[in-house]
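Colleague: Below is the structure I would like to discuss, written out as structure tokens.
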Amino acid sequence: MTEHDHIVFVIDDDIRIQEAVEELLASHEIHAVVFGSAGEYIDAVKPDIPSCLVLDVELPDINGLDLQRQISEGDHPPIVFITGHGDIPSSVSAIKQGAVDFLTKPFSDRDLMTAVRAAIAQDRQQRSQRADLELLRQRYARLTPREREVMPLVVSGLLNKQAAAELGISEVTLQIHRRNVMQKMVAASLADLVRIAERLEMPVTHSRRAGGSSVE
């Protein structure tokens, strides 16, 4: 990682902790931005790059666990909790809500860096997955209405003649639409198209009928 392709946000009202964490991250060539409250973090303009949120549990305006719940509905950086008042229920709640780690002050530099690196790596992966999904959605949007009818029938395992009968079109016409779907969705095989449909959470209400032993 380089200093310019990721960032760590630190929310802690203790200036000593802010400075210590910022200096530690800087020593590992990781850029950090610190905030003294949850409100400051929420109001800040954040760069659209892989990131991590180092979050204190006890803040002046809102509990860190409450902030975690508030931002859980949207895309947000993976969270590493730090606290001077750790307890088992809080740590369990944080981890269940997706936190990468829950560290009790005083924590070791090694433990924090391990958690931060894991969080940044997780965010990179999630961003990549979201980008891939958005690309699939863009490709799907380019399908014609008829092609959108054909695709779920094809991935459900129906033979061409069965799918054609479902739509009331000829088998030749179905094959043309099927080929167009494969090309537009950049699917190399039927199995690939099935995986794409799963990524798009496409509802499949049909299943192969009796009498078909293979998928064309």
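Here's how to read the names in the structure tokens: chain A, B, ... by the order shown, residue numbers from 1 in each chain, ligand numbers from 1 in the order shown.
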Just the residues within 9 Å of Leu65 in chain A, please, counting only C-alpha atoms, with nothing from its chain fewer than 3 positions along; format it as JSON, numbers by chain.
Modeller: {"A": [55, 56, 57, 58, 62, 68, 69, 70, 81, 90, 93, 94]}
Colleague: Env of Thr104 in chain A: 10 Å cut, atoms = only C-alpha atoms, seq-sep filter 3 positions within chain, self excluded. Answer as a PyMOL selection string.
Modeller: chain A and resi 56+81-87+91+101+107-108
Colleague: Restricted to all heavy atoms, what would the selected residues look like written as a tab-separated table (two decimals), in the first residue's frame?
Modeller:
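New file out.tsv:
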chain	number	residue	atom	x	y	z
A	56	ASP	N	-13.49	5.13	18.92
A	56	ASP	CA	-13.59	5.00	20.37
A	56	ASP	C	-15.05	4.73	20.74
A	56	ASP	O	-15.97	5.22	20.09
A	56	ASP	CB	-13.11	6.29	21.04
A	56	ASP	CG	-12.99	6.15	22.55
A	56	ASP	OD1	-12.98	5.00	23.05
A	56	ASP	OD2	-12.90	7.18	23.24
A	81	PHE	N	-12.69	-0.94	16.83
A	81	PHE	CA	-13.04	-0.23	18.05
A	81	PHE	C	-11.85	-0.17	19.00
A	81	PHE	O	-11.08	-1.13	19.13
A	81	PHE	CB	-14.21	-0.93	18.77
A	81	PHE	CG	-15.56	-0.53	18.25
A	81	PHE	CD1	-16.25	-1.33	17.36
A	81	PHE	CD2	-16.15	0.67	18.65
A	81	PHE	CE1	-17.49	-0.97	16.87
A	81	PHE	CE2	-17.39	1.05	18.17
A	81	PHE	CZ	-18.06	0.23	17.28
A	82	ILE	N	-11.73	0.98	19.69
A	82	ILE	CA	-10.77	1.12	20.78
A	82	ILE	C	-11.53	1.70	21.96
A	82	ILE	O	-12.40	2.56	21.80
A	82	ILE	CB	-9.58	2.02	20.40
A	82	ILE	CG1	-10.06	3.40	19.94
A	82	ILE	CG2	-8.72	1.36	19.33
A	82	ILE	CD1	-8.93	4.38	19.65
A	83	THR	N	-11.23	1.24	23.15
A	83	THR	CA	-11.98	1.72	24.32
A	83	THR	C	-11.18	1.55	25.60
A	83	THR	O	-10.37	0.64	25.72
A	83	THR	CB	-13.31	0.98	24.45
A	83	THR	OG1	-14.02	1.48	25.60
A	83	THR	CG2	-13.10	-0.52	24.62
A	84	GLY	N	-11.42	2.44	26.52
A	84	GLY	CA	-10.82	2.32	27.85
A	84	GLY	C	-11.78	1.69	28.82
A	84	GLY	O	-11.48	1.51	29.99
A	85	HIS	N	-12.98	1.37	28.35
A	85	HIS	CA	-14.02	0.81	29.21
A	85	HIS	C	-14.63	-0.41	28.55
A	85	HIS	O	-15.84	-0.51	28.38
A	85	HIS	CB	-15.11	1.85	29.50
A	85	HIS	CG	-14.56	3.17	29.98
A	85	HIS	ND1	-14.15	3.38	31.27
A	85	HIS	CD2	-14.35	4.34	29.31
A	85	HIS	CE1	-13.71	4.62	31.39
A	85	HIS	NE2	-13.83	5.23	30.22
A	86	GLY	N	-13.79	-1.33	28.15
A	86	GLY	CA	-14.27	-2.50	27.43
A	86	GLY	C	-15.04	-3.47	28.31
A	86	GLY	O	-14.76	-3.61	29.50
A	87	ASP	N	-16.03	-4.08	27.75
A	87	ASP	CA	-16.77	-5.14	28.44
A	87	ASP	C	-17.21	-6.15	27.39
A	87	ASP	O	-17.28	-5.85	26.20
A	87	ASP	CB	-17.98	-4.58	29.20
A	87	ASP	CG	-18.96	-3.87	28.28
A	87	ASP	OD1	-19.70	-4.57	27.58
A	87	ASP	OD2	-18.98	-2.62	28.28
A	91	SER	N	-18.18	-5.71	23.28
A	91	SER	CA	-17.31	-6.28	22.25
A	91	SER	C	-18.07	-7.28	21.39
A	91	SER	O	-17.89	-7.31	20.17
A	91	SER	CB	-16.09	-6.96	22.90
A	91	SER	OG	-16.49	-8.03	23.74
A	101	ASP	N	-12.25	-5.55	14.84
A	101	ASP	CA	-11.64	-5.89	16.14
A	101	ASP	C	-12.16	-4.93	17.20
A	101	ASP	O	-12.76	-3.89	16.90
A	101	ASP	CB	-10.12	-5.81	16.06
A	101	ASP	CG	-9.43	-6.78	17.02
A	101	ASP	OD1	-10.09	-7.20	18.01
A	101	ASP	OD2	-8.27	-7.14	16.78
A	107	PHE	N	-3.73	-0.65	24.27
A	107	PHE	CA	-3.52	-1.74	23.32
A	107	PHE	C	-2.10	-1.62	22.75
A	107	PHE	O	-1.47	-0.56	22.80
A	107	PHE	CB	-4.54	-1.67	22.19
A	107	PHE	CG	-4.74	-0.29	21.65
A	107	PHE	CD1	-3.86	0.28	20.75
A	107	PHE	CD2	-5.84	0.46	22.07
A	107	PHE	CE1	-4.04	1.56	20.27
A	107	PHE	CE2	-6.03	1.76	21.58
A	107	PHE	CZ	-5.14	2.30	20.68
A	108	SER	N	-1.61	-2.70	22.22
A	108	SER	CA	-0.26	-2.69	21.67
A	108	SER	C	-0.28	-2.12	20.25
A	108	SER	O	-1.29	-2.22	19.53
A	108	SER	CB	0.33	-4.10	21.64
A	108	SER	OG	-0.33	-4.91	20.68
Colleague: Please identify all polymer residues within 7 Å of Asn160 in chain A, counting only C-alpha atoms, omitting same-chain residues fewer than 2 positions from it, and present them as a PyMOL selection string.
Modeller: chain A and resi 158+162-164+171+174-175+216
Colleague: Go ahead and save the picked residues with N, CA, C and O atoms, as a PDB file, in the first residue's frame.
Modeller:
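Dumped to again_14.pdb:
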ATOM      1  N   LEU A 158     -33.998 -24.392 -18.281  1.00  0.00           N
ATOM      2  CA  LEU A 158     -34.918 -24.810 -19.329  1.00  0.00           C
ATOM      3  C   LEU A 158     -34.186 -24.984 -20.655  1.00  0.00           C
ATOM      4  O   LEU A 158     -33.263 -24.233 -20.971  1.00  0.00           O
ATOM      5  N   GLN A 162     -38.162 -25.248 -24.476  1.00  0.00           N
ATOM      6  CA  GLN A 162     -39.036 -25.025 -23.321  1.00  0.00           C
ATOM      7  C   GLN A 162     -39.139 -23.542 -23.003  1.00  0.00           C
ATOM      8  O   GLN A 162     -40.231 -23.025 -22.718  1.00  0.00           O
ATOM      9  N   ALA A 163     -38.004 -22.847 -23.048  1.00  0.00           N
ATOM     10  CA  ALA A 163     -38.007 -21.409 -22.784  1.00  0.00           C
ATOM     11  C   ALA A 163     -38.798 -20.680 -23.862  1.00  0.00           C
ATOM     12  O   ALA A 163     -39.544 -19.730 -23.572  1.00  0.00           O
ATOM     13  N   ALA A 164     -38.647 -21.120 -25.103  1.00  0.00           N
ATOM     14  CA  ALA A 164     -39.393 -20.505 -26.200  1.00  0.00           C
ATOM     15  C   ALA A 164     -40.885 -20.670 -26.002  1.00  0.00           C
ATOM     16  O   ALA A 164     -41.671 -19.738 -26.226  1.00  0.00           O
ATOM     17  N   GLU A 171     -38.209 -21.233 -31.402  1.00  0.00           N
ATOM     18  CA  GLU A 171     -36.938 -21.640 -30.803  1.00  0.00           C
ATOM     19  C   GLU A 171     -35.778 -20.868 -31.418  1.00  0.00           C
ATOM     20  O   GLU A 171     -34.815 -20.517 -30.711  1.00  0.00           O
ATOM     21  N   LEU A 174     -35.637 -17.548 -29.821  1.00  0.00           N
ATOM     22  CA  LEU A 174     -35.115 -17.707 -28.462  1.00  0.00           C
ATOM     23  C   LEU A 174     -33.601 -17.832 -28.485  1.00  0.00           C
ATOM     24  O   LEU A 174     -32.897 -17.214 -27.664  1.00  0.00           O
ATOM     25  N   GLN A 175     -33.082 -18.595 -29.410  1.00  0.00           N
ATOM     26  CA  GLN A 175     -31.639 -18.785 -29.512  1.00  0.00           C
ATOM     27  C   GLN A 175     -30.927 -17.466 -29.806  1.00  0.00           C
ATOM     28  O   GLN A 175     -29.838 -17.203 -29.285  1.00  0.00           O
ATOM     29  N   GLU A 216     -28.877 -26.973 -23.292  1.00  0.00           N
ATOM     30  CA  GLU A 216     -28.254 -26.679 -24.578  1.00  0.00           C
ATOM     31  C   GLU A 216     -27.271 -25.546 -24.438  1.00  0.00           C
ATOM     32  O   GLU A 216     -27.442 -24.662 -23.646  1.00  0.00           O
TER      33      GLU A 216
END
Colleague: Please measure the separation of CA of His177 in chain A and CA of Leu133 in chain A, giving the value in Å to one decimal.
Modeller: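 So the two atoms, CA of His177 in chain A and CA of Leu133 in chain A, lie 22.7 Å apart.
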Colleague: For the atom pair CA of Gln125 in chain A and CA of Leu67 in chain A, what is the interatomic distance in Å to one decimal place?
Modeller: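 Distance between the two atoms: 23.0 Å.
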Colleague: Using only C-alpha atoms, which protein or nucleic acid residues come within 9 Å of Leu59 in chain A? Drop anything in the same chain fewer than 4 positions from it, and give the result as a PyMOL selection string.
Modeller: chain A and resi 11-13+36-38+63-64
Colleague: Which value, in Å to one decimal, gives the distance between CA of Arg199 in chain A and CA of Glu134 in chain A?
Modeller: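 CA of Glu134 in chain A lies at a distance of 10.3 Å from CA of Arg199 in chain A.
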Colleague: Taking the backbone alone, and naming residues the way the document does, which bits of range 18-114 of chain A are alpha helix (DSSP H) by DSSP, as a tab-separated table (two decimals) with N, CA, C and O atoms, in the first residue's frame?
Modeller:
chain	number	residue	atom	x	y	z
A	18	GLN	N	-5.37	10.51	19.94
A	18	GLN	CA	-5.35	10.98	18.55
A	18	GLN	C	-3.91	11.07	18.03
A	18	GLN	O	-3.59	10.56	16.95
A	19	GLU	N	-3.06	11.75	18.82
A	19	GLU	CA	-1.69	11.97	18.39
A	19	GLU	C	-0.91	10.66	18.32
A	19	GLU	O	-0.15	10.43	17.37
A	20	ALA	N	-1.11	9.80	19.32
A	20	ALA	CA	-0.37	8.53	19.36
A	20	ALA	C	-0.74	7.64	18.18
A	20	ALA	O	0.14	7.06	17.53
A	21	VAL	N	-2.04	7.55	17.89
A	21	VAL	CA	-2.49	6.71	16.78
A	21	VAL	C	-2.03	7.30	15.45
A	21	VAL	O	-1.56	6.57	14.56
A	22	GLU	N	-2.15	8.62	15.32
A	22	GLU	CA	-1.73	9.27	14.08
A	22	GLU	C	-0.24	9.07	13.82
A	22	GLU	O	0.18	8.78	12.69
A	23	GLU	N	0.57	9.20	14.87
A	23	GLU	CA	2.02	9.00	14.73
A	23	GLU	C	2.35	7.55	14.40
A	23	GLU	O	3.23	7.27	13.58
A	24	LEU	N	1.65	6.63	15.03
A	24	LEU	CA	1.89	5.21	14.76
A	24	LEU	C	1.58	4.89	13.30
A	24	LEU	O	2.36	4.23	12.62
A	25	LEU	N	0.43	5.36	12.82
A	25	LEU	CA	0.05	5.10	11.44
A	25	LEU	C	1.03	5.75	10.47
A	25	LEU	O	1.40	5.16	9.46
A	26	ALA	N	1.46	6.97	10.79
A	26	ALA	CA	2.41	7.67	9.93
A	26	ALA	C	3.73	6.91	9.83
A	26	ALA	O	4.37	6.88	8.78
A	27	SER	N	4.13	6.28	10.93
A	27	SER	CA	5.38	5.51	10.93
A	27	SER	C	5.29	4.29	10.02
A	27	SER	O	6.32	3.73	9.62
A	38	ALA	N	-18.13	12.09	16.84
A	38	ALA	CA	-18.80	11.41	15.74
A	38	ALA	C	-19.38	12.42	14.77
A	38	ALA	O	-19.35	12.22	13.55
A	39	GLY	N	-19.89	13.54	15.29
A	39	GLY	CA	-20.47	14.57	14.45
A	39	GLY	C	-19.47	15.13	13.46
A	39	GLY	O	-19.79	15.37	12.29
A	40	GLU	N	-18.24	15.35	13.93
A	40	GLU	CA	-17.19	15.87	13.04
A	40	GLU	C	-16.92	14.89	11.91
A	40	GLU	O	-16.74	15.29	10.76
A	41	TYR	N	-16.90	13.62	12.26
A	41	TYR	CA	-16.64	12.58	11.24
A	41	TYR	C	-17.78	12.54	10.22
A	41	TYR	O	-17.54	12.49	9.01
A	42	ILE	N	-19.01	12.55	10.70
A	42	ILE	CA	-20.16	12.47	9.80
A	42	ILE	C	-20.21	13.66	8.84
A	42	ILE	O	-20.54	13.52	7.66
A	43	ASP	N	-19.86	14.84	9.35
A	43	ASP	CA	-19.93	16.05	8.52
A	43	ASP	C	-18.76	16.20	7.55
A	43	ASP	O	-18.84	16.98	6.60
A	64	GLY	N	-19.97	5.09	20.47
A	64	GLY	CA	-19.41	4.52	19.26
A	64	GLY	C	-20.22	3.37	18.70
A	64	GLY	O	-20.34	3.21	17.48
A	65	LEU	N	-20.81	2.58	19.58
A	65	LEU	CA	-21.65	1.46	19.13
A	65	LEU	C	-22.92	1.98	18.45
A	65	LEU	O	-23.39	1.38	17.48
A	66	ASP	N	-23.44	3.09	18.96
A	66	ASP	CA	-24.61	3.70	18.32
A	66	ASP	C	-24.26	4.24	16.94
A	66	ASP	O	-25.04	4.13	16.00
A	67	LEU	N	-23.06	4.83	16.82
A	67	LEU	CA	-22.62	5.33	15.52
A	67	LEU	C	-22.49	4.16	14.54
A	67	LEU	O	-22.88	4.28	13.37
A	68	GLN	N	-21.95	3.07	15.01
A	68	GLN	CA	-21.81	1.88	14.15
A	68	GLN	C	-23.17	1.46	13.60
A	68	GLN	O	-23.30	1.16	12.41
A	69	ARG	N	-24.19	1.48	14.47
A	69	ARG	CA	-25.52	1.08	14.03
A	69	ARG	C	-26.10	2.10	13.04
A	69	ARG	O	-26.78	1.73	12.08
A	70	GLN	N	-25.82	3.37	13.28
A	70	GLN	CA	-26.37	4.42	12.41
A	70	GLN	C	-25.83	4.34	10.99
A	70	GLN	O	-26.55	4.58	10.02
A	71	ILE	N	-24.55	4.02	10.86
A	71	ILE	CA	-23.94	4.02	9.53
A	71	ILE	C	-23.97	2.64	8.88
A	71	ILE	O	-23.51	2.48	7.74
A	88	ILE	N	-17.49	-7.35	27.83
A	88	ILE	CA	-17.80	-8.44	26.91
A	88	ILE	C	-19.05	-8.16	26.08
A	88	ILE	O	-19.04	-8.34	24.86
A	89	PRO	N	-20.17	-7.70	26.69
A	89	PRO	CA	-21.36	-7.42	25.86
A	89	PRO	C	-21.09	-6.41	24.74
A	89	PRO	O	-21.57	-6.58	23.62
A	90	SER	N	-20.32	-5.37	25.05
A	90	SER	CA	-20.03	-4.35	24.03
A	90	SER	C	-19.19	-4.93	22.91
A	90	SER	O	-19.45	-4.67	21.72
A	91	SER	N	-18.18	-5.71	23.28
A	91	SER	CA	-17.31	-6.28	22.25
A	91	SER	C	-18.07	-7.28	21.39
A	91	SER	O	-17.89	-7.31	20.17
A	92	VAL	N	-18.93	-8.08	22.00
A	92	VAL	CA	-19.73	-9.04	21.24
A	92	VAL	C	-20.66	-8.32	20.28
A	92	VAL	O	-20.79	-8.69	19.11
A	93	SER	N	-21.31	-7.25	20.77
A	93	SER	CA	-22.22	-6.47	19.94
A	93	SER	C	-21.47	-5.87	18.75
A	93	SER	O	-21.96	-5.90	17.62
A	94	ALA	N	-20.29	-5.31	19.01
A	94	ALA	CA	-19.51	-4.67	17.95
A	94	ALA	C	-19.12	-5.67	16.88
A	94	ALA	O	-19.24	-5.40	15.68
A	95	ILE	N	-18.63	-6.83	17.30
A	95	ILE	CA	-18.20	-7.84	16.34
A	95	ILE	C	-19.38	-8.38	15.54
A	95	ILE	O	-19.28	-8.60	14.32
A	96	LYS	N	-20.51	-8.59	16.21
A	96	LYS	CA	-21.70	-9.08	15.50
A	96	LYS	C	-22.16	-8.09	14.43
A	96	LYS	O	-22.72	-8.49	13.41
A	109	ASP	N	0.84	-1.53	19.86
A	109	ASP	CA	0.96	-1.02	18.49
A	109	ASP	C	0.73	-2.14	17.49
A	109	ASP	O	0.08	-1.95	16.45
A	110	ARG	N	1.24	-3.31	17.81
A	110	ARG	CA	1.13	-4.45	16.89
A	110	ARG	C	-0.33	-4.85	16.69
A	110	ARG	O	-0.76	-5.09	15.55
A	111	ASP	N	-1.08	-4.89	17.78
A	111	ASP	CA	-2.49	-5.29	17.66
A	111	ASP	C	-3.28	-4.28	16.84
A	111	ASP	O	-4.12	-4.65	16.01
A	112	LEU	N	-3.02	-3.01	17.06
A	112	LEU	CA	-3.75	-1.99	16.30
A	112	LEU	C	-3.39	-2.05	14.82
A	112	LEU	O	-4.28	-1.99	13.96
A	113	MET	N	-2.10	-2.19	14.51
A	113	MET	CA	-1.69	-2.22	13.12
A	113	MET	C	-2.23	-3.46	12.41
A	113	MET	O	-2.62	-3.39	11.25
A	114	THR	N	-2.26	-4.57	13.12
A	114	THR	CA	-2.82	-5.80	12.53
A	114	THR	C	-4.29	-5.60	12.19
A	114	THR	O	-4.76	-5.97	11.10
Colleague: Would you list, as a list in words, the residues of range 11-200 of chain A that end up in strand (DSSP E or B) under DSSP run on this structure's backbone?
Modeller: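 Reading the DSSP output for range 11-200 of chain A, strand (DSSP E or B) covers Ile11, Ala32, Val33, Val34, Phe35, Ser51, Cys52, Leu53, Val54, Leu55, Asp56, Ile79, Val80, Phe81, Ile82, Thr83, Asp101, Phe102, Leu103 and Thr104 of chain A.
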